[in-house]
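Quick look at my_file-v8.csv (CSV, C-alpha atoms):
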```csv
chain,number,residue,atom,x,y,z
F,182,MET,CA,-137.5,-28.0,-203.2
F,183,ARG,CA,-135.1,-25.3,-204.1
F,184,ARG,CA,-132.3,-27.2,-202.4
F,185,ILE,CA,-133.0,-30.2,-204.6
F,186,VAL,CA,-132.9,-28.0,-207.7
F,187,LEU,CA,-129.5,-26.7,-206.7
F,188,SER,CA,-128.0,-30.0,-205.6
F,189,ALA,CA,-129.1,-32.0,-208.6
F,190,PRO,CA,-126.7,-30.3,-211.1
F,191,LEU,CA,-124.0,-30.3,-208.4
F,192,LEU,CA,-124.3,-34.0,-208.0
F,193,ALA,CA,-124.3,-34.5,-211.8
F,194,PHE,CA,-121.2,-32.4,-212.1
F,195,LEU,CA,-119.3,-34.2,-209.4
F,196,GLY,CA,-120.4,-37.5,-210.9
F,197,ALA,CA,-118.9,-36.4,-214.2
F,198,CYS,CA,-115.5,-36.0,-212.5
F,199,ALA,CA,-115.7,-39.5,-210.9
F,200,THR,CA,-114.0,-42.5,-212.5
F,201,THR,CA,-116.1,-45.3,-214.0
F,202,ILE,CA,-114.3,-48.6,-214.0
F,203,PRO,CA,-116.3,-51.2,-216.1
F,204,GLU,CA,-117.5,-54.0,-213.8
F,205,ASP,CA,-116.5,-56.7,-216.3
F,206,ALA,CA,-113.1,-55.2,-217.1
F,207,LEU,CA,-111.3,-58.5,-216.3
F,208,ARG,CA,-114.0,-61.1,-217.0
F,209,LEU,CA,-113.6,-63.4,-219.9
F,210,PRO,CA,-115.9,-62.4,-222.7
F,211,GLU,CA,-118.2,-65.1,-224.2
F,212,SER,CA,-116.3,-65.0,-227.4
F,213,THR,CA,-113.0,-66.1,-225.7
F,214,LEU,CA,-112.8,-69.6,-227.2
F,215,GLU,CA,-113.6,-68.3,-230.7
F,216,ILE,CA,-111.0,-65.5,-230.5
F,217,ARG,CA,-108.5,-67.9,-229.0
F,218,SER,CA,-108.9,-70.3,-231.9
F,219,ILE,CA,-108.5,-67.5,-234.5
F,220,GLN,CA,-105.3,-66.4,-232.8
F,221,THR,CA,-103.7,-69.8,-232.0
F,222,ARG,CA,-102.1,-72.5,-234.1
F,223,THR,CA,-100.1,-75.7,-233.3
F,224,LEU,CA,-96.7,-75.8,-234.9
F,225,GLU,CA,-94.0,-78.5,-235.1
F,226,ALA,CA,-90.4,-77.4,-234.9
F,227,PRO,CA,-87.1,-78.7,-233.5
F,228,SER,CA,-87.1,-76.0,-230.8
F,229,GLU,CA,-88.9,-72.9,-229.4
F,230,ILE,CA,-86.0,-70.8,-230.7
F,231,ASP,CA,-86.7,-71.9,-234.3
F,232,ILE,CA,-90.3,-70.6,-234.0
F,233,LEU,CA,-89.1,-67.3,-232.4
F,234,ALA,CA,-86.5,-66.8,-235.2
F,235,ALA,CA,-89.0,-67.6,-237.9
F,236,THR,CA,-91.5,-65.2,-236.3
F,237,ILE,CA,-88.9,-62.4,-236.3
F,238,ALA,CA,-88.3,-63.0,-240.0
F,239,VAL,CA,-92.0,-62.8,-240.7
F,240,LEU,CA,-92.3,-59.6,-238.7
F,241,GLN,CA,-89.6,-58.1,-240.8
F,242,ASP,CA,-91.4,-59.3,-243.9
F,243,MET,CA,-94.5,-57.5,-242.7
F,244,GLU,CA,-92.4,-54.4,-241.9
F,245,PHE,CA,-92.8,-54.5,-238.1
F,246,ASN,CA,-90.2,-53.3,-235.7
F,247,VAL,CA,-89.4,-55.8,-233.0
F,248,ASP,CA,-89.7,-54.0,-229.7
F,249,ARG,CA,-88.9,-56.7,-227.2
F,250,ILE,CA,-88.0,-60.4,-227.0
F,251,GLU,CA,-88.1,-62.5,-223.9
F,252,LYS,CA,-86.7,-65.9,-224.9
F,253,PRO,CA,-87.2,-67.8,-221.7
F,254,LEU,CA,-91.0,-67.1,-221.9
F,255,GLY,CA,-91.3,-67.3,-225.7
F,256,VAL,CA,-92.6,-63.7,-226.0
F,257,ILE,CA,-92.0,-61.3,-228.9
F,258,THR,CA,-93.5,-57.8,-229.0
F,259,ALA,CA,-93.5,-55.8,-232.2
F,260,SER,CA,-95.2,-52.7,-233.6
F,261,LYS,CA,-95.5,-50.5,-236.7
F,262,VAL,CA,-97.0,-47.2,-237.7
F,263,THR,CA,-98.8,-47.2,-241.0
F,264,ASP,CA,-101.1,-45.0,-243.0
F,265,ALA,CA,-104.8,-45.4,-242.1
F,266,ASP,CA,-106.0,-42.9,-244.8
F,267,SER,CA,-109.3,-43.8,-246.5
F,268,THR,CA,-110.2,-41.9,-249.7
F,269,ALA,CA,-113.9,-42.6,-249.2
F,270,GLU,CA,-113.8,-41.3,-245.7
F,271,LYS,CA,-111.9,-38.1,-246.7
F,272,THR,CA,-114.3,-37.4,-249.5
F,273,GLY,CA,-117.3,-37.8,-247.2
F,274,LEU,CA,-115.8,-35.5,-244.6
F,275,LEU,CA,-114.8,-32.9,-247.2
F,276,PHE,CA,-118.4,-33.0,-248.5
F,277,LEU,CA,-119.6,-32.3,-244.9
F,278,ASP,CA,-117.2,-29.4,-244.6
F,279,LEU,CA,-118.4,-27.9,-247.9
F,280,LEU,CA,-122.0,-28.2,-246.7
F,281,CYS,CA,-121.0,-26.6,-243.4
F,282,VAL,CA,-119.3,-23.7,-245.2
F,283,ALA,CA,-122.2,-23.3,-247.5
F,284,SER,CA,-124.5,-22.9,-244.5
F,285,GLY,CA,-122.4,-19.9,-243.4
F,286,SER,CA,-120.5,-21.4,-240.5
F,287,ASN,CA,-116.8,-20.4,-239.9
F,288,ASN,CA,-116.1,-23.5,-237.8
F,289,CYS,CA,-116.0,-26.3,-240.3
F,290,ASP,CA,-113.3,-28.8,-239.4
F,291,ALA,CA,-114.8,-32.3,-240.1
F,292,SER,CA,-111.8,-33.1,-242.4
F,293,THR,CA,-109.4,-32.9,-239.5
F,294,THR,CA,-111.2,-35.9,-237.9
F,295,ALA,CA,-110.3,-38.2,-240.9
F,296,LYS,CA,-108.2,-41.2,-240.0
F,297,ASP,CA,-104.5,-40.5,-240.6
F,298,ASP,CA,-102.0,-42.9,-239.0
F,299,GLN,CA,-102.4,-46.2,-237.1
F,300,ARG,CA,-100.1,-47.9,-234.7
F,301,ILE,CA,-100.4,-51.6,-234.7
F,302,THR,CA,-98.9,-53.7,-231.9
F,303,LEU,CA,-98.4,-57.4,-232.1
F,304,THR,CA,-97.5,-60.1,-229.5
F,305,MET,CA,-96.4,-63.6,-230.4
F,306,VAL,CA,-96.3,-66.1,-227.5
F,307,VAL,CA,-94.9,-69.6,-228.0
F,308,LEU,CA,-95.8,-72.3,-225.5
F,309,PRO,CA,-94.1,-75.8,-225.7
F,310,SER,CA,-96.5,-78.7,-225.5
F,311,LEU,CA,-96.1,-80.7,-222.2
F,312,GLU,CA,-97.3,-83.9,-224.0
F,313,ARG,CA,-95.3,-84.0,-227.2
F,314,SER,CA,-91.8,-82.7,-227.6
F,315,GLY,CA,-91.3,-80.8,-230.9
F,316,GLU,CA,-94.9,-79.5,-230.7
F,317,PHE,CA,-95.7,-75.9,-229.8
F,318,THR,CA,-98.7,-73.6,-229.4
F,319,ALA,CA,-98.2,-70.2,-231.0
F,320,ARG,CA,-100.6,-67.4,-230.2
F,321,VAL,CA,-100.6,-64.0,-231.9
F,322,THR,CA,-102.6,-61.0,-230.6
F,323,LEU,CA,-103.0,-57.7,-232.5
F,324,GLN,CA,-104.3,-54.3,-231.5
F,325,ARG,CA,-104.3,-50.9,-233.1
F,326,VAL,CA,-104.8,-47.3,-232.3
F,327,ILE,CA,-106.0,-45.0,-235.1
F,328,PHE,CA,-105.2,-41.3,-235.0
F,329,ASP,CA,-106.9,-38.5,-236.9
F,330,LYS,CA,-105.2,-35.6,-238.8
F,331,MET,CA,-104.8,-33.7,-235.5
F,332,ASP,CA,-103.1,-36.7,-233.8
F,333,ARG,CA,-106.1,-37.3,-231.6
F,334,ILE,CA,-107.0,-40.9,-230.8
F,335,LYS,CA,-109.9,-41.9,-233.0
F,336,VAL,CA,-110.2,-45.7,-232.6
F,337,LEU,CA,-108.8,-48.2,-230.0
F,338,GLU,CA,-109.4,-51.8,-230.9
F,339,ARG,CA,-108.4,-55.4,-231.0
F,340,VAL,CA,-107.8,-56.7,-234.6
F,341,SER,CA,-110.2,-59.6,-234.8
F,342,GLU,CA,-110.4,-60.4,-238.6
F,343,PRO,CA,-109.6,-64.2,-238.9
F,344,GLU,CA,-108.1,-63.7,-242.4
F,345,ILE,CA,-105.4,-61.4,-241.0
F,346,TYR,CA,-104.3,-64.0,-238.4
F,347,GLN,CA,-104.5,-66.8,-241.1
F,348,GLN,CA,-102.2,-64.8,-243.3
F,349,ILE,CA,-99.7,-64.3,-240.5
F,350,PHE,CA,-99.7,-68.0,-239.7
F,351,ASP,CA,-99.4,-69.0,-243.4
F,352,ASN,CA,-96.3,-66.7,-243.6
F,353,LEU,CA,-95.0,-68.2,-240.3
F,354,ARG,CA,-95.2,-71.8,-241.5
F,355,LYS,CA,-93.3,-70.9,-244.7
F,356,SER,CA,-90.7,-69.0,-242.7
F,357,LEU,CA,-90.4,-71.9,-240.2
F,358,TYR,CA,-89.8,-74.3,-243.1
F,359,ILE,CA,-87.0,-72.1,-244.5
F,360,GLN,CA,-85.6,-71.5,-241.0
F,361,VAL,CA,-85.4,-75.3,-240.2
F,362,SER,CA,-84.2,-76.4,-243.7
F,363,GLU,CA,-81.4,-73.8,-243.8
F,364,LYS,CA,-79.9,-74.9,-240.5
C,127,MET,CA,-125.9,-11.5,-198.7
C,128,SER,CA,-127.5,-14.5,-197.2
C,129,ARG,CA,-129.0,-15.4,-200.6
C,130,SER,CA,-125.7,-15.1,-202.6
C,131,LEU,CA,-123.6,-17.1,-200.1
C,132,PRO,CA,-124.9,-20.6,-201.1
C,133,LEU,CA,-124.5,-19.6,-204.8
C,134,THR,CA,-120.9,-18.5,-204.2
C,135,LEU,CA,-120.1,-21.7,-202.4
C,136,LEU,CA,-121.7,-23.7,-205.2
C,137,ALA,CA,-119.6,-21.8,-207.8
C,138,LEU,CA,-116.4,-22.4,-205.8
C,139,VAL,CA,-117.1,-26.2,-205.5
C,140,LEU,CA,-117.9,-26.4,-209.2
C,141,LEU,CA,-114.6,-24.5,-210.1
C,142,SER,CA,-112.5,-26.7,-207.8
C,143,GLY,CA,-114.2,-30.0,-208.8
C,144,CYS,CA,-111.9,-30.9,-211.6
C,145,ALA,CA,-108.9,-28.6,-210.7
C,146,THR,CA,-105.4,-29.8,-211.5
C,147,SER,CA,-104.0,-31.8,-208.6
C,148,PRO,CA,-100.4,-32.4,-207.7
C,149,PRO,CA,-98.8,-35.5,-209.3
C,150,ASP,CA,-100.2,-38.7,-207.9
C,151,VAL,CA,-96.9,-40.5,-207.3
C,152,ALA,CA,-97.7,-42.5,-204.2
C,153,GLY,CA,-101.1,-43.8,-205.4
C,154,THR,CA,-104.2,-44.2,-203.4
C,155,GLY,CA,-105.2,-46.7,-200.7
C,156,THR,CA,-103.2,-48.2,-197.9
C,157,GLN,CA,-100.2,-50.2,-198.9
C,158,LEU,CA,-101.2,-53.4,-197.0
C,159,ALA,CA,-104.8,-53.4,-198.1
C,160,THR,CA,-103.9,-52.8,-201.7
C,161,ARG,CA,-101.3,-55.6,-201.6
C,162,GLN,CA,-103.9,-58.1,-200.2
C,163,ILE,CA,-106.4,-57.3,-202.9
C,164,GLN,CA,-103.9,-57.6,-205.7
C,165,THR,CA,-102.1,-60.8,-204.5
C,166,ARG,CA,-102.7,-64.5,-204.7
C,167,GLU,CA,-100.4,-67.3,-203.7
C,168,TYR,CA,-100.1,-70.7,-205.5
C,169,ASP,CA,-98.7,-74.0,-204.3
C,170,THR,CA,-96.2,-74.5,-207.0
C,171,LEU,CA,-92.5,-73.7,-207.4
C,172,ASP,CA,-92.6,-73.5,-211.2
C,173,LYS,CA,-92.1,-69.7,-211.7
C,174,SER,CA,-91.7,-70.1,-215.5
C,175,MET,CA,-94.9,-72.0,-215.9
C,176,THR,CA,-96.7,-69.5,-213.6
C,177,MET,CA,-95.5,-66.7,-215.8
C,178,ARG,CA,-96.6,-68.5,-219.0
C,179,SER,CA,-100.0,-68.9,-217.4
C,180,VAL,CA,-100.2,-65.2,-216.6
C,181,ILE,CA,-99.3,-64.4,-220.2
C,182,ALA,CA,-102.0,-66.8,-221.5
C,183,THR,CA,-104.5,-65.2,-219.1
C,184,LEU,CA,-103.7,-61.7,-220.3
C,185,GLN,CA,-104.0,-62.8,-223.9
C,186,ASP,CA,-107.4,-64.4,-223.2
C,187,LEU,CA,-108.4,-61.1,-221.6
C,188,GLY,CA,-107.5,-59.3,-224.8
C,189,PHE,CA,-104.2,-57.8,-223.8
C,190,THR,CA,-101.0,-57.6,-225.9
C,191,ILE,CA,-97.8,-58.1,-223.9
C,192,ASP,CA,-95.6,-55.0,-223.8
C,193,GLN,CA,-92.7,-56.6,-222.0
C,194,ALA,CA,-91.9,-59.7,-220.0
C,195,ASP,CA,-88.8,-60.5,-217.9
C,196,ALA,CA,-88.4,-64.1,-216.8
C,197,GLU,CA,-85.6,-63.3,-214.3
C,198,LEU,CA,-87.5,-60.5,-212.5
C,199,GLY,CA,-90.9,-62.2,-213.0
C,200,THR,CA,-92.5,-59.1,-214.4
C,201,ILE,CA,-95.1,-58.8,-217.2
C,202,THR,CA,-96.6,-55.6,-218.5
C,203,ALA,CA,-99.5,-55.7,-220.9
C,204,THR,CA,-102.0,-53.3,-222.6
C,205,ARG,CA,-105.5,-53.7,-223.8
C,206,LEU,CA,-107.0,-51.2,-226.3
C,207,HIS,CA,-110.8,-51.5,-226.3
C,208,ASP,CA,-112.8,-48.2,-226.1
C,209,TYR,CA,-110.5,-47.4,-223.2
C,210,THR,CA,-106.8,-48.2,-222.5
C,211,MET,CA,-106.2,-50.7,-219.7
C,212,ARG,CA,-102.6,-51.5,-218.6
C,213,MET,CA,-101.6,-54.3,-216.2
C,214,THR,CA,-98.3,-55.2,-214.5
C,215,VAL,CA,-98.1,-58.6,-213.0
C,216,THR,CA,-95.2,-59.8,-210.9
C,217,VAL,CA,-94.4,-63.4,-210.1
C,218,VAL,CA,-92.1,-64.1,-207.2
C,219,GLU,CA,-91.1,-67.2,-205.2
C,220,LYS,CA,-92.0,-67.1,-201.5
C,221,ASP,CA,-90.1,-68.9,-198.8
C,222,ASN,CA,-88.9,-71.4,-201.4
C,223,GLU,CA,-92.3,-73.2,-201.2
C,224,ARG,CA,-94.9,-71.3,-203.1
C,225,ILE,CA,-95.3,-68.6,-205.8
C,226,SER,CA,-96.9,-65.2,-205.2
C,227,VAL,CA,-98.6,-63.4,-208.1
C,228,ARG,CA,-99.4,-59.7,-207.8
C,229,ALA,CA,-101.4,-57.8,-210.4
C,230,ASN,CA,-102.1,-54.2,-210.6
C,231,ALA,CA,-104.3,-52.5,-213.2
C,232,ARG,CA,-104.9,-49.0,-214.5
C,233,ILE,CA,-107.7,-47.8,-216.8
C,234,GLY,CA,-106.7,-44.6,-218.5
C,235,GLU,CA,-105.4,-42.3,-215.8
C,236,ASN,CA,-107.1,-44.1,-212.9
C,237,SER,CA,-105.9,-47.1,-210.9
C,238,VAL,CA,-108.3,-50.0,-210.5
C,239,THR,CA,-109.1,-50.4,-206.8
C,240,ASP,CA,-112.2,-52.6,-206.9
C,241,PRO,CA,-111.4,-56.0,-205.2
C,242,ASN,CA,-113.9,-57.7,-207.5
C,243,THR,CA,-112.0,-56.8,-210.6
C,244,TYR,CA,-108.8,-58.4,-209.2
C,245,GLN,CA,-110.9,-61.4,-208.1
C,246,ASP,CA,-112.1,-61.8,-211.7
C,247,PHE,CA,-108.5,-61.7,-212.9
C,248,PHE,CA,-107.4,-64.4,-210.5
C,249,VAL,CA,-110.4,-66.6,-211.4
C,250,VAL,CA,-109.2,-66.6,-215.0
C,251,LEU,CA,-105.6,-67.2,-213.9
C,252,ASP,CA,-106.6,-70.1,-211.6
C,253,LYS,CA,-108.0,-71.9,-214.6
C,254,ALA,CA,-105.0,-71.0,-216.8
C,255,MET,CA,-102.6,-72.4,-214.1
C,256,PHE,CA,-104.6,-75.6,-214.0
C,257,LEU,CA,-104.6,-76.0,-217.7
C,258,THR,CA,-100.9,-75.1,-218.2
C,259,GLN,CA,-99.8,-77.4,-215.4
C,260,HIS,CA,-101.8,-80.3,-216.7
C,261,GLY,CA,-101.0,-79.7,-220.4
C,262,VAL,CA,-104.6,-79.2,-221.4
C,263,ASP,CA,-105.3,-76.6,-224.1
```
Output the structure of this file as structure tokens.
Amino acid sequence: MRRIVLSAPLLAFLGACATTIPEDALRLPESTLEIRSIQTRTLEAPSEIDILAATIAVLQDMEFNVDRIEKPLGVITASKVTDADSTAEKTGLLFLDLLCVASGSNNCDASTTAKDDQRITLTMVVLPSLERSGEFTARVTLQRVIFDKMDRIKVLERVSEPEIYQQIFDNLRKSLYIQVSEK
Amino acid sequence: MSRSLPLTLLALVLLSGCATSPPDVAGTGTQLATRQIQTREYDTLDKSMTMRSVIATLQDLGFTIDQADAELGTITATRLHDYTMRMTVTVVEKDNERISVRANARIGENSVTDPNTYQDFFVVLDKAMFLTQHGVD
């Protein structure tokens, strides 16, 4: 019995060191089709290069930096770091700190967990249609990391709001129109 | 003495459990077994279309593409979702008659060694290869 009492915390401790790889890490989620349709549009253009060039112009409009381009595969990767400050969140955390100080504690640092910066990464992939020349599928994926005031990672997530993707594609269509008409 | 020995041993195990280890450069697992788990071959010679299928698969799985090189056949992608998962996929021609696709994945600081996880990836890629080659969206 005594041996069991001793070995239980030991096993728990060793278990905590072990890695847990989620079983479904590379399985398609049920929401795949919905997300794909939010992130994908069909575009018409004289060439794949026109869409890539129009995308770069839109990325510059949105103040992204282009990190990499691979023309033969129709891939553009871009990113930007922006402010993720929220006044409401900061006020709430400051209130928590005030309560904490009022209770006599010396360790009141809730405010340092407030969101500070976010790094947004974007991938644009253009795929020519096999059936119709001049038709392309464009898919945008967006992710972001939010850091707190102490540069600790606070949130890791895919951006899934449909209106954000809609805005990007609206801008892209305008940019593509300008790109093609100016040639 | 006899009573304190097990406790001392326990303390030593606990202290060494998560100790700093030397840099893991060579990785874990045997080279051949790892390659087998991570590799599939396809009866096609269209390297570009295979790479585009890999990219579509990674996007479906929620990754953004960090970089892609058509000449070297390499794609690296990252997924941010509670944890950070990174994958590198290489596409190479074999014997001028088929295409070999090798994927390796890491979650945070650990490499993915479970064969089922790679199997899941190739199930999705198989479908993407079919759809891309037949022009179905």
*Write out as a PyMOL selection string each polymer residue whose atoms come within 7 Å of Arg166 of chain C, counting all atoms listed in the file; drop sequence neighbours fewer than 3 positions from it.*
chain C and resi 226-228
Go through segment 226-294 of chain F residue by residue and, counting all atoms listed in the file, keep those with an atom at most 9 Å from segment 336-357 of chain F; for each kept residue give the shortest atom pair and its distance in Å to one decimal, ordered by chain and increasing number, as a Markdown table.
```
| residue | atom | partner | partner_atom | distance |
| --- | --- | --- | --- | --- |
| F:Ala226 | CA | F:Leu357 | CA | 7.6 |
| F:Asp231 | CA | F:Leu357 | CA | 7.0 |
| F:Ile232 | CA | F:Leu357 | CA | 6.3 |
| F:Ala234 | CA | F:Leu357 | CA | 8.1 |
| F:Ala235 | CA | F:Leu357 | CA | 5.1 |
| F:Thr236 | CA | F:Leu353 | CA | 6.1 |
| F:Ala238 | CA | F:Ser356 | CA | 7.0 |
| F:Val239 | CA | F:Leu353 | CA | 6.2 |
| F:Leu240 | CA | F:Ile349 | CA | 8.9 |
| F:Asp242 | CA | F:Asn352 | CA | 8.9 |
| F:Met243 | CA | F:Ile349 | CA | 8.8 |
```
*asked:* The residues within 9 Å of (-103.7, -68.4, -221.3), using all atoms listed in the file and the coordinates of the file, should be reported as number ranges by chain; which are they?
replied: C: 178-187, 250-251, 253-255, 257-258, 263
*Give the residues of chain F that lie within 7 Å of chain C; count all atoms listed in the file, and format the answer as a list in words.*
Leu195, Cys198, Glu204, Ala206, Leu207, Arg208, Leu209, Thr213, Arg217, Arg249, Glu251, Pro253, Leu254, Thr258, Leu303, Thr304, Ser310, Leu311, Glu312, Thr322, Leu323, Gln324, Leu337, Glu338 and Arg339 of chain F
With C-alpha atoms retained, could you export that selection as a tab-separated table (two decimals), in the coordinates of the input?
```tsv
chain	number	residue	atom	x	y	z
F	195	LEU	CA	-119.30	-34.20	-209.40
F	198	CYS	CA	-115.50	-36.00	-212.50
F	204	GLU	CA	-117.50	-54.00	-213.80
F	206	ALA	CA	-113.10	-55.20	-217.10
F	207	LEU	CA	-111.30	-58.50	-216.30
F	208	ARG	CA	-114.00	-61.10	-217.00
F	209	LEU	CA	-113.60	-63.40	-219.90
F	213	THR	CA	-113.00	-66.10	-225.70
F	217	ARG	CA	-108.50	-67.90	-229.00
F	249	ARG	CA	-88.90	-56.70	-227.20
F	251	GLU	CA	-88.10	-62.50	-223.90
F	253	PRO	CA	-87.20	-67.80	-221.70
F	254	LEU	CA	-91.00	-67.10	-221.90
F	258	THR	CA	-93.50	-57.80	-229.00
F	303	LEU	CA	-98.40	-57.40	-232.10
F	304	THR	CA	-97.50	-60.10	-229.50
F	310	SER	CA	-96.50	-78.70	-225.50
F	311	LEU	CA	-96.10	-80.70	-222.20
F	312	GLU	CA	-97.30	-83.90	-224.00
F	322	THR	CA	-102.60	-61.00	-230.60
F	323	LEU	CA	-103.00	-57.70	-232.50
F	324	GLN	CA	-104.30	-54.30	-231.50
F	337	LEU	CA	-108.80	-48.20	-230.00
F	338	GLU	CA	-109.40	-51.80	-230.90
F	339	ARG	CA	-108.40	-55.40	-231.00
```
*Which residue out of F:Ala295, F:Val306, F:Leu214, F:Ile359 has the minimum interatomic distance to Met331 of chain F when all atoms listed in the file are used?*
F:Ala295
Extract, using only C-alpha atoms, all DNA, RNA and protein residues at most 6 Å from segment 162-164 of chain C, discarding same-chain residues fewer than 2 positions from it, and format them as a short mmCIF file (atom, residue, chain, number, x, y, z; two decimals) with C-alpha atoms, in the frame of the given file.
```cif
data_model
loop_
_atom_site.label_atom_id
_atom_site.label_comp_id
_atom_site.auth_asym_id
_atom_site.auth_seq_id
_atom_site.Cartn_x
_atom_site.Cartn_y
_atom_site.Cartn_z
CA ALA C 159 -104.80 -53.40 -198.10
CA THR C 160 -103.90 -52.80 -201.70
CA ARG C 228 -99.40 -59.70 -207.80
CA ALA C 229 -101.40 -57.80 -210.40
CA PRO C 241 -111.40 -56.00 -205.20
#
```
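Atom to atom, atom CA of Gln220 of chain F and atom CA of Val307 of chain F stand 11.9 Å apart.
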*What is the atom CA of Glu229 of chain F-atom CA of Val247 of chain F distance in Å, reported with one decimal?*
17.5 Å
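Taking atom CA of Leu171 of chain C and atom CA of Glu223 of chain C as endpoints, the distance between them is 6.2 Å.
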Can you tell me, as an mmCIF file with C-alpha atoms, keeping the file's coordinate frame, what residues are no more than 9 Å from Leu233 of chain F when counting all atoms listed in the file, ignoring any on the same chain fewer than 6 positions away?
```
data_model
loop_
_atom_site.group_PDB
_atom_site.id
_atom_site.type_symbol
_atom_site.label_atom_id
_atom_site.label_comp_id
_atom_site.auth_asym_id
_atom_site.auth_seq_id
_atom_site.Cartn_x
_atom_site.Cartn_y
_atom_site.Cartn_z
ATOM 1 C CA ILE F 250 -88.000 -60.400 -227.000
ATOM 2 C CA LYS F 252 -86.700 -65.900 -224.900
ATOM 3 C CA GLY F 255 -91.300 -67.300 -225.700
ATOM 4 C CA VAL F 256 -92.600 -63.700 -226.000
ATOM 5 C CA ILE F 257 -92.000 -61.300 -228.900
ATOM 6 C CA MET F 305 -96.400 -63.600 -230.400
ATOM 7 C CA VAL F 306 -96.300 -66.100 -227.500
ATOM 8 C CA VAL F 307 -94.900 -69.600 -228.000
#
```
*Pull the neighbourhood of (-96.9, -69.1, -206.1) for me: all residues within 6 Å in file coordinates, counting all atoms listed in the file, as a list of chain:residue names.*
C:Glu167, C:Tyr168, C:Asp169, C:Thr170, C:Arg224, C:Ile225, C:Ser226
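In terms of minimum interatomic distance to Val321 of chain F, F:Ile219 ranks closest within F:Glu211, F:Ile219, F:Cys289, F:Gln241, counting only C-alpha atoms.
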